[in-house]
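Engineer: Here it is, the structure, as structure tokens.
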Amino acid sequence: MTMFTLADLETIVAARARSDDPTSYTAKLAARGLSKAAQKLGEEGVETVIAALTESDAALTGEAADLLYHLLVVLHLRGLPLSAVMDELQRRTAQTGLQEKASRPQGAS
Ligand SMILES: N=c1c2ncn([C@@H]3O[C@H](COP(=O)(O)OP(=O)(O)OP(=O)(O)O)[C@@H](O)[C@H]3O)c2ncn1[C@@H]1O[C@H](COP(=O)(O)O)[C@@H](O)[C@H]1O
């Protein structure tokens, strides 16, 4: 079985976002715009935190999947490819997380 990747889901999200399919949640969300998609991303983030702290592994798996899907929708609506995020993550592997944090401009989160 081939491994399903976030890049595969990114391709699906892009195709569904530009479809006019009335059965597509992605198309519906994309039509509501970046603000709504970003709001949904925030909600899924909160739901993932709650699941991590209080819910089952199955519930956390579901919330984490919702979170990653909504992140891909937001990246798509911003026109930012997942590969840019992966490149940034790969760049960071050259140093530890604390070294990376120290190298950030003052005030950056
Ligand atoms: N991975 C997902 C995925 N994860 C979560 N969701 C949807 O995200 C929504 C989140 O649920 P909520 O209750 O928070 O939101 P809601 O009440 O439905 O929506 P709002 O009114 O709040 O905006 C649900 O409708 C989920 O179905 C997803 N919808 C689609 N995908 C993928 O995208 C593909 C294309 O989907 P469609 O665009 O629907 O064809 C699917 O085959 C999947 O691979």
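As shown in the structure tokens, the chain order sets the letters A, B, ...; within each chain, residues go from 1, and ligands are also counted from 1 in the order they appear.
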Show me which residues are within 10 Å of ligand 1 counting only C-alpha atoms and all ligand atoms, and format the list as a ChimeraX atom specification.
Structural biologist: /A:8-30,32,36-37,39-41,43-44,47,62-70,72-73
Engineer: Restrict the selected residues to C-alpha atoms and save them as a PDB file, in the first residue's frame.
Structural biologist:
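Result written to part00.pdb:
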ATOM      1  CA  ASP A   8      -1.582  14.111  -1.570  1.00  0.00           C
ATOM      2  CA  LEU A   9      -4.229  15.827   0.573  1.00  0.00           C
ATOM      3  CA  GLU A  10      -2.957  19.234  -0.609  1.00  0.00           C
ATOM      4  CA  THR A  11      -3.653  18.134  -4.209  1.00  0.00           C
ATOM      5  CA  ILE A  12      -7.171  16.986  -3.270  1.00  0.00           C
ATOM      6  CA  VAL A  13      -7.883  20.238  -1.392  1.00  0.00           C
ATOM      7  CA  ALA A  14      -6.746  22.358  -4.360  1.00  0.00           C
ATOM      8  CA  ALA A  15      -8.940  20.412  -6.800  1.00  0.00           C
ATOM      9  CA  ARG A  16     -11.989  20.454  -4.530  1.00  0.00           C
ATOM     10  CA  ALA A  17     -11.582  24.141  -3.620  1.00  0.00           C
ATOM     11  CA  ARG A  18     -11.831  25.160  -7.271  1.00  0.00           C
ATOM     12  CA  SER A  19     -14.690  22.772  -8.009  1.00  0.00           C
ATOM     13  CA  ASP A  20     -18.250  24.031  -7.934  1.00  0.00           C
ATOM     14  CA  ASP A  21     -19.389  20.702  -6.509  1.00  0.00           C
ATOM     15  CA  PRO A  22     -22.254  21.444  -4.113  1.00  0.00           C
ATOM     16  CA  THR A  23     -21.377  18.285  -2.156  1.00  0.00           C
ATOM     17  CA  SER A  24     -17.842  19.555  -1.444  1.00  0.00           C
ATOM     18  CA  TYR A  25     -17.117  20.903   2.054  1.00  0.00           C
ATOM     19  CA  THR A  26     -13.804  22.262   0.748  1.00  0.00           C
ATOM     20  CA  ALA A  27     -15.522  24.205  -2.048  1.00  0.00           C
ATOM     21  CA  LYS A  28     -18.072  25.582   0.432  1.00  0.00           C
ATOM     22  CA  LEU A  29     -15.374  26.637   2.895  1.00  0.00           C
ATOM     23  CA  ALA A  30     -13.170  28.149   0.177  1.00  0.00           C
ATOM     24  CA  ARG A  32     -16.597  31.613   2.421  1.00  0.00           C
ATOM     25  CA  LYS A  36     -13.758  31.843   7.787  1.00  0.00           C
ATOM     26  CA  ALA A  37     -11.158  29.183   6.955  1.00  0.00           C
ATOM     27  CA  GLN A  39     -11.404  30.842  12.077  1.00  0.00           C
ATOM     28  CA  LYS A  40     -12.101  27.146  11.479  1.00  0.00           C
ATOM     29  CA  LEU A  41      -8.367  26.410  11.733  1.00  0.00           C
ATOM     30  CA  GLU A  43     -11.297  26.189  16.335  1.00  0.00           C
ATOM     31  CA  GLU A  44      -9.734  22.912  15.244  1.00  0.00           C
ATOM     32  CA  GLU A  47     -10.373  21.167  19.813  1.00  0.00           C
ATOM     33  CA  GLY A  62      -9.713  12.750  14.577  1.00  0.00           C
ATOM     34  CA  GLU A  63      -9.065  16.280  15.840  1.00  0.00           C
ATOM     35  CA  ALA A  64      -5.461  16.218  14.576  1.00  0.00           C
ATOM     36  CA  ALA A  65      -6.758  15.156  11.145  1.00  0.00           C
ATOM     37  CA  ASP A  66      -9.302  18.014  11.167  1.00  0.00           C
ATOM     38  CA  LEU A  67      -6.506  20.426  12.141  1.00  0.00           C
ATOM     39  CA  LEU A  68      -4.148  19.348   9.345  1.00  0.00           C
ATOM     40  CA  TYR A  69      -6.941  19.433   6.748  1.00  0.00           C
ATOM     41  CA  HIS A  70      -7.970  22.968   7.760  1.00  0.00           C
ATOM     42  CA  LEU A  72      -4.047  22.897   4.153  1.00  0.00           C
ATOM     43  CA  VAL A  73      -7.213  24.828   3.230  1.00  0.00           C
TER      44      VAL A  73
END
Engineer: How many Å separate atom CA of A:Arg91 from atom CA of A:Pro105?
Structural biologist: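 Going from atom CA of A:Arg91 over to atom CA of A:Pro105, I get 16.6 Å.
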Engineer: Extract, using only C-alpha atoms, all DNA, RNA and protein residues at most 12 Å from A:Val85, discarding same-chain residues fewer than 2 positions from it, and format them as a list in words.
Structural biologist: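 Listed by chain and then number, they are Leu6, Ala7, Leu71, Leu72, Leu75, Leu80, Pro81, Leu82, Ser83, Asp87, Glu88, Leu89, Gln90, Arg91 and Arg92 of chain A.
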Engineer: Please identify the alpha helix (DSSP H) residues within chain A (assignment by DSSP from backbone atoms) and present them as an MDAnalysis selection string.
Structural biologist: chainID A and resid 6:17 25:32 34:54 57:78 82:92 97:103
Engineer: Restricted to C-alpha atoms, what would the selected residues look like written as a CSV table (one decimal), in the first residue's frame?
Structural biologist:
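Saved file again.csv follows:
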chain,number,residue,atom,x,y,z
A,6,LEU,CA,-0.1,15.6,3.3
A,7,ALA,CA,1.1,16.5,-0.2
A,8,ASP,CA,-1.6,14.1,-1.6
A,9,LEU,CA,-4.2,15.8,0.6
A,10,GLU,CA,-3.0,19.2,-0.6
A,11,THR,CA,-3.7,18.1,-4.2
A,12,ILE,CA,-7.2,17.0,-3.3
A,13,VAL,CA,-7.9,20.2,-1.4
A,14,ALA,CA,-6.7,22.4,-4.4
A,15,ALA,CA,-8.9,20.4,-6.8
A,16,ARG,CA,-12.0,20.5,-4.5
A,17,ALA,CA,-11.6,24.1,-3.6
A,25,TYR,CA,-17.1,20.9,2.1
A,26,THR,CA,-13.8,22.3,0.7
A,27,ALA,CA,-15.5,24.2,-2.0
A,28,LYS,CA,-18.1,25.6,0.4
A,29,LEU,CA,-15.4,26.6,2.9
A,30,ALA,CA,-13.2,28.1,0.2
A,31,ALA,CA,-16.1,30.2,-1.1
A,32,ARG,CA,-16.6,31.6,2.4
A,34,LEU,CA,-9.8,33.1,4.2
A,35,SER,CA,-11.3,34.7,7.3
A,36,LYS,CA,-13.8,31.8,7.8
A,37,ALA,CA,-11.2,29.2,7.0
A,38,ALA,CA,-8.7,30.7,9.4
A,39,GLN,CA,-11.4,30.8,12.1
A,40,LYS,CA,-12.1,27.1,11.5
A,41,LEU,CA,-8.4,26.4,11.7
A,42,GLY,CA,-8.3,28.1,15.1
A,43,GLU,CA,-11.3,26.2,16.3
A,44,GLU,CA,-9.7,22.9,15.2
A,45,GLY,CA,-6.5,23.9,17.1
A,46,VAL,CA,-8.5,24.4,20.3
A,47,GLU,CA,-10.4,21.2,19.8
A,48,THR,CA,-7.0,19.4,19.3
A,49,VAL,CA,-5.7,20.8,22.5
A,50,ILE,CA,-8.8,19.7,24.4
A,51,ALA,CA,-8.6,16.2,22.9
A,52,ALA,CA,-4.8,16.0,23.8
A,53,LEU,CA,-5.6,16.9,27.4
A,54,THR,CA,-8.8,15.1,28.1
A,57,ASP,CA,-6.4,8.5,21.3
A,58,ALA,CA,-9.1,8.0,18.7
A,59,ALA,CA,-10.6,11.4,19.5
A,60,LEU,CA,-7.2,13.1,19.3
A,61,THR,CA,-6.5,11.3,16.0
A,62,GLY,CA,-9.7,12.8,14.6
A,63,GLU,CA,-9.1,16.3,15.8
A,64,ALA,CA,-5.5,16.2,14.6
A,65,ALA,CA,-6.8,15.2,11.1
A,66,ASP,CA,-9.3,18.0,11.2
A,67,LEU,CA,-6.5,20.4,12.1
A,68,LEU,CA,-4.1,19.3,9.3
A,69,TYR,CA,-6.9,19.4,6.7
A,70,HIS,CA,-8.0,23.0,7.8
A,71,LEU,CA,-4.3,24.1,7.8
A,72,LEU,CA,-4.0,22.9,4.2
A,73,VAL,CA,-7.2,24.8,3.2
A,74,VAL,CA,-5.8,28.0,4.7
A,75,LEU,CA,-2.4,27.5,3.0
A,76,HIS,CA,-4.3,27.0,-0.3
A,77,LEU,CA,-6.4,30.1,0.1
A,78,ARG,CA,-3.1,32.1,0.8
A,82,LEU,CA,2.9,23.0,1.5
A,83,SER,CA,6.4,22.5,0.1
A,84,ALA,CA,7.3,26.0,1.5
A,85,VAL,CA,6.4,24.8,4.9
A,86,MET,CA,8.3,21.5,4.5
A,87,ASP,CA,11.3,23.4,3.2
A,88,GLU,CA,11.2,25.5,6.3
A,89,LEU,CA,10.9,22.5,8.6
A,90,GLN,CA,13.8,20.8,6.7
A,91,ARG,CA,15.9,24.0,7.1
A,92,ARG,CA,15.3,23.8,10.8
A,97,GLY,CA,14.7,23.8,18.4
A,98,LEU,CA,16.2,26.0,21.1
A,99,GLN,CA,18.9,27.2,18.7
A,100,GLU,CA,16.2,28.0,16.1
A,101,LYS,CA,14.2,29.9,18.7
A,102,ALA,CA,17.2,32.0,19.7
A,103,SER,CA,17.9,32.9,16.1
